[in-house]
Amino acid sequence: MNLRGRNKISPEFSMSSMTDIVFLLLIFFMLTSPAITPEALDLILPKAKGKTTTKQNVAVSITKDLQIYIDKERVSSSSLEARLQQALSGVEDPTIILRAEEGVPIERAVNVMDIANRNRYKIVLAVKPE
């Protein structure tokens, strides 16, 4: 009498599925590890109940085509300083938000910064978050 079954189950383990899983985990941790900043401090910051007092007074934008805009209004580079003085006259703590597109020569941005320094305006550089 033959009591053994025809379908023998093989006790072998296929390593190909295991290596696929390990490879996927390796890629996952390689991609997420730059997002972790180990030197950052874990702080619990106090919450403020008041409103923030920072407000945007004037935005100066410089496009790739070297066109200058003050709050969506196009101005020439020769009249930029006069237009900024006109827009910020009588404003307490005047601030300029400078937005320059990628590829704009640094001299154009420095020109706006010089105007801000001459007139004692604060300047904030706006960058695109990564």
# chains A, B, ... in the order shown; residues from 1 in each chain; ligands from 1
>>> residues_around(residues="region 111-128 of chain A", least_positions_apart="2", cutoff="12 Å", atoms="only C-alpha atoms", output="VMD selection string")
chain A and resid 54 to 62 68 to 70 77 to 89 91 to 102 105 to 109 130
>>> write_last_selection(atoms="C-alpha atoms", output="PDB file, in the first residue's frame")
ATOM      1  CA  THR A  54       4.323  91.610   9.190  1.00  0.00           C
ATOM      2  CA  LYS A  55       2.534  92.704   6.085  1.00  0.00           C
ATOM      3  CA  GLN A  56       3.610  92.958   2.503  1.00  0.00           C
ATOM      4  CA  ASN A  57       3.934  96.580   1.555  1.00  0.00           C
ATOM      5  CA  VAL A  58       5.404  96.361  -1.944  1.00  0.00           C
ATOM      6  CA  ALA A  59       6.422  93.387  -4.069  1.00  0.00           C
ATOM      7  CA  VAL A  60       9.096  93.882  -6.727  1.00  0.00           C
ATOM      8  CA  SER A  61       9.222  91.068  -9.298  1.00  0.00           C
ATOM      9  CA  ILE A  62      11.879  90.607 -11.984  1.00  0.00           C
ATOM     10  CA  ILE A  68      10.314  94.741 -13.556  1.00  0.00           C
ATOM     11  CA  TYR A  69       6.935  94.777 -11.852  1.00  0.00           C
ATOM     12  CA  ILE A  70       5.779  96.545  -8.709  1.00  0.00           C
ATOM     13  CA  SER A  77      14.253 100.247 -14.408  1.00  0.00           C
ATOM     14  CA  SER A  78      14.922 104.002 -14.612  1.00  0.00           C
ATOM     15  CA  SER A  79      11.694 104.904 -12.802  1.00  0.00           C
ATOM     16  CA  LEU A  80      11.889 102.061 -10.266  1.00  0.00           C
ATOM     17  CA  GLU A  81      13.290 104.118  -7.394  1.00  0.00           C
ATOM     18  CA  ALA A  82      10.802 106.955  -7.855  1.00  0.00           C
ATOM     19  CA  ARG A  83       7.881 104.508  -8.029  1.00  0.00           C
ATOM     20  CA  LEU A  84       9.055 102.725  -4.877  1.00  0.00           C
ATOM     21  CA  GLN A  85       9.378 106.038  -3.017  1.00  0.00           C
ATOM     22  CA  GLN A  86       5.891 106.965  -4.144  1.00  0.00           C
ATOM     23  CA  ALA A  87       4.409 103.607  -3.126  1.00  0.00           C
ATOM     24  CA  LEU A  88       6.120 103.499   0.272  1.00  0.00           C
ATOM     25  CA  SER A  89       5.767 107.150   1.289  1.00  0.00           C
ATOM     26  CA  VAL A  91       4.287 103.777   5.395  1.00  0.00           C
ATOM     27  CA  GLU A  92       5.598 102.857   8.814  1.00  0.00           C
ATOM     28  CA  ASP A  93       8.385 100.273   8.573  1.00  0.00           C
ATOM     29  CA  PRO A  94       8.396  99.998   4.744  1.00  0.00           C
ATOM     30  CA  THR A  95       9.270  96.580   3.337  1.00  0.00           C
ATOM     31  CA  ILE A  96      10.070  95.401  -0.177  1.00  0.00           C
ATOM     32  CA  ILE A  97       9.513  91.764  -1.135  1.00  0.00           C
ATOM     33  CA  LEU A  98      11.947  90.911  -3.948  1.00  0.00           C
ATOM     34  CA  ARG A  99      11.024  88.058  -6.291  1.00  0.00           C
ATOM     35  CA  ALA A 100      13.456  87.265  -9.100  1.00  0.00           C
ATOM     36  CA  GLU A 101      12.940  84.402 -11.521  1.00  0.00           C
ATOM     37  CA  GLU A 102      15.635  81.825 -12.041  1.00  0.00           C
ATOM     38  CA  PRO A 105      21.315  88.322 -13.660  1.00  0.00           C
ATOM     39  CA  ILE A 106      22.309  89.030 -10.076  1.00  0.00           C
ATOM     40  CA  GLU A 107      23.006  92.677 -10.948  1.00  0.00           C
ATOM     41  CA  ARG A 108      19.270  93.315 -11.393  1.00  0.00           C
ATOM     42  CA  ALA A 109      18.455  91.995  -7.926  1.00  0.00           C
ATOM     43  CA  GLU A 130      12.011  73.064  -2.560  1.00  0.00           C
TER      44      GLU A 130
END
